[in-house]
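Below is one structure, written out as structure tokens; comments come after it.
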Amino acid sequence: RELRYTIFPTERFLKAVSVTPAELQAWYSKNGARFANPETVTLEVISASLADVESQVSVTEADLKAAYADRKDQFQQPERRRIRHVLVQTEAAAKDVLAKLKSGSDFAALAKQLSKDTGSAAAGGDLGVSTRDAFVKPFADAAFALQTGVISEPVKTEFGFHIIRVDAIEPAQIKAFDSVRAQLETQLRRDRATELLSVLEERIERRVEQGGVDLATLSQEFKLPLQTVPKFSRQGDASLSREPAFIELVFGDEQLVQRRIGGPVQIGEDAFAVIHVVDHQKSVVPALDVVREAVTTAVTREKASEAARKAAEQLAASLKQAGSAAAVAGSGWQSAGFIGRRDSAVPEPIRLAAFAMARPANKVNAAAVVTNEGAAVALVSAVRPAPPAEDIVRRLRLQALQFEQGQTALAAYVADLRAKAEVSKNLESF
């Protein structure tokens, strides 16, 4: 549809708006909840985290060596091989490469000249030093069955046909103690700190269950700092917790009404807290005088938006009555040209209005619409029919084909990366 539109921004009508005290009071009586103070509590909190107890952990050399002996499987380094290959498209081409190699041709030179694997061809077919899981299964089975210097028969994979040679073999081995010492120490310290934190949480839990204790006593007994958190709301606090379970505990009846100690409760992946509500501030709608300025602004904008809507409706009605687009040649009108139903260049409310109104026959059609900015008038002056169904089907089939080709190319790219990349795992992150 051929669309032109003009916008009536709310700001244009603000100066013409006046609000009487009676209007203000009536509006606030209906909408005062929008200005209510949130429900909050004042909390006393003690907490402990993994970092808090790590300083109590000690790890000796004997501990590290014992852990190394227990965890040798963790430090297994699988067999690695330095592999070269030539990749061609057909089995006949692969057999031709193999014949040339058996006649004394240089492997690296042939790879540079003939290999379709552009990533490794420049390096003479060198794929670097890799473990078995770096390659697709047919390639890995062949490469890890060869002896050093031996050239394979043609190997078929999803990429084509490969001629493979193993240049070096690094046998599977266990990493030396010195090379993993720092990693082991980090693991042991974390494991022992986690155990200490769990024991501390259990001890505090039992103490809370016994009753007759306040948070100050718990703070002294377990040497944990006592913290006061004012105005903690149901939205949580980034410095303490936004976890639903924590908020549910804080605002539960046992804490708000009975003022019991709550917890321990998790406040993060590696921390817990114990809480006590010392004050509860309920949600309250303030007196109008307290928020008069904000309310006046809200009412003024609401009346200005309503004025913008009425102005848009009056213009739309006059345009429909005139049945001509001649009146929209002035400033303030934007021409979008012919647009489709999903044309994102036009604001959505205006675009939807353009396609909701009846098709103009000999006259233009217009409609008023509410927008985020205020209001607008959409004017449609002409309609072009949708393309024939067969054209749409053809376009969809073309899109599907392009998507399929893209997926195939992506899969090949990922497989190529797997074949060439050297990946090491940072075990400390597991």
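Here's how to read the names in the structure tokens: chain A, B, ... by the order shown, residue numbers from 1 in each chain, ligand numbers from 1 in the order shown.
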Residues at most 9 Å from region 153-155 of chain A, counting only C-alpha atoms, excluding those fewer than 5 positions away in the same chain, as a PyMOL selection string?
chain A and resi 91+94-95+98+138-139+142+160-164
Residue contacts of Pro347 (chain A) (12 Å, only C-alpha atoms) excluding same-chain residues fewer than 2 positions away, as a PyMOL selection string:
chain A and resi 3-7+334+336+339+341-345+349-354+369-373+375-378
Using C-alpha atoms, can you write the selected residues to a file as a PDB file, in the first residue's frame?
ATOM      1  CA  LEU A   3       1.490   5.223   2.572  1.00  0.00           C
ATOM      2  CA  ARG A   4       1.971   8.739   3.866  1.00  0.00           C
ATOM      3  CA  TYR A   5       1.710   9.626   7.518  1.00  0.00           C
ATOM      4  CA  THR A   6       2.093  12.486   9.962  1.00  0.00           C
ATOM      5  CA  ILE A   7       2.773  12.353  13.683  1.00  0.00           C
ATOM      6  CA  GLN A 334       6.328  11.603   5.535  1.00  0.00           C
ATOM      7  CA  ALA A 336       6.877   5.850   2.897  1.00  0.00           C
ATOM      8  CA  ILE A 339       5.154  -0.775   1.797  1.00  0.00           C
ATOM      9  CA  ARG A 341       2.758  -5.688   5.855  1.00  0.00           C
ATOM     10  CA  ARG A 342       6.151  -6.427   7.451  1.00  0.00           C
ATOM     11  CA  ASP A 343       8.061  -3.335   6.348  1.00  0.00           C
ATOM     12  CA  SER A 344      10.084  -2.450   9.464  1.00  0.00           C
ATOM     13  CA  ALA A 345      10.984   1.004   8.090  1.00  0.00           C
ATOM     14  CA  PRO A 349       1.229   1.025  14.853  1.00  0.00           C
ATOM     15  CA  ILE A 350       1.141   3.116  11.657  1.00  0.00           C
ATOM     16  CA  ARG A 351       1.918   0.138   9.434  1.00  0.00           C
ATOM     17  CA  LEU A 352      -0.817  -1.952  11.072  1.00  0.00           C
ATOM     18  CA  ALA A 353      -3.310   0.894  10.694  1.00  0.00           C
ATOM     19  CA  ALA A 354      -2.435   1.218   6.997  1.00  0.00           C
ATOM     20  CA  VAL A 369      -3.699   5.720  15.449  1.00  0.00           C
ATOM     21  CA  VAL A 370      -2.176   5.994  18.941  1.00  0.00           C
ATOM     22  CA  THR A 371       1.634   5.702  18.960  1.00  0.00           C
ATOM     23  CA  ASN A 372       4.419   5.765  21.530  1.00  0.00           C
ATOM     24  CA  GLU A 373       5.065   9.383  20.585  1.00  0.00           C
ATOM     25  CA  ALA A 375      -0.788   9.900  17.835  1.00  0.00           C
ATOM     26  CA  ALA A 376      -0.540   9.777  14.040  1.00  0.00           C
ATOM     27  CA  VAL A 377      -2.593   9.791  10.885  1.00  0.00           C
ATOM     28  CA  ALA A 378      -1.946   7.136   8.237  1.00  0.00           C
TER      29      ALA A 378
END
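The two atoms in question, CA of Asp237 (chain A) and CA of Leu200 (chain A), are spaced 24.4 Å apart.
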Quick one: residues within 6 Å of region 109-113 of chain A, only C-alpha atoms, excluding same-chain residues fewer than 6 positions away - as an MDAnalysis selection string?
chainID A and resid 86 121:122 124:125
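All residues of protein, DNA or RNA that reach within 9 Å of Phe177 (chain A), judged by only C-alpha atoms and not counting those fewer than 6 positions away in the chain, are Leu64, Lys65 and Tyr68 of chain A.
Reported to one decimal place, the separation of CA of Arg309 (chain A) from CA of Glu348 (chain A) is 16.8 Å.
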Pick from A:Val295, A:Gln407, A:Ala316, A:Met357 nearest to Pro21 (chain A), counting only C-alpha atoms
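Looking only at the distances to Pro21 (chain A), the closest residue turns out to be A:Val295.
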To one decimal in Å, tell me the separation between CA of Thr157 (chain A) and CA of Ala421 (chain A).
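One can read the CA of Thr157 (chain A) to CA of Ala421 (chain A) distance as 17.7 Å.
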Can you pull out every residue from region 297-404 of chain A that DSSP, working from the backbone, puts in strand (DSSP E), and format the result as number ranges by chain?
A: 333-338, 365-371, 374-382
Of the residues A:Asp167, A:Glu158, A:Glu39, A:Glu248, which is the one nearest to Val88 (chain A), using only C-alpha atoms?
A:Glu158
All helix (DSSP H, G or I) residues (DSSP, backbone) inside region 88-140 of chain A, as a VMD selection string
chain A and resid 91 to 102 107 to 114 118 to 121 132 to 134 137 to 140
If you count only C-alpha atoms, which residues fall within 12 Å of Leu218 (chain A), apart from same-chain ones fewer than 4 positions away, as a ChimeraX atom specification?
/A:44-47,200-201,203-208,211-214,222-226,261,264,273-276
Name all residues at most 7 Å from region 49-61 of chain A (count only C-alpha atoms; drop same-chain ones fewer than 2 positions away) and give them as a list in words.
Ser47, Asp63, Leu64, Lys65, Arg189, Arg192, Ala193, Thr194, Leu196, Leu197, Asp270, Ala271 and Phe272 of chain A
Could you list, as a list in words, every residue within 12 Å of Ala307 (chain A), counting only C-alpha atoms and ignoring same-chain residues fewer than 2 positions away?
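Surrounding residues, per the criterion: Phe8, Pro9, Thr10, Glu11, Arg12, Phe13, Leu14, Lys15, Ala16, Val17, Ser18, Thr300, Arg301, Glu302, Lys303, Ala304, Ser305, Arg309, Lys310, Ala311, Ala312, Glu313, Gln314, Val370, Gly374, Ala375 and Ala376 of chain A.
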Nearest candidate to Glu23 (chain A) (options A:Ala298, A:Val284, A:Arg165, A:Ala366; using only C-alpha atoms)
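So, comparing all the options, the nearest one is A:Ala298.
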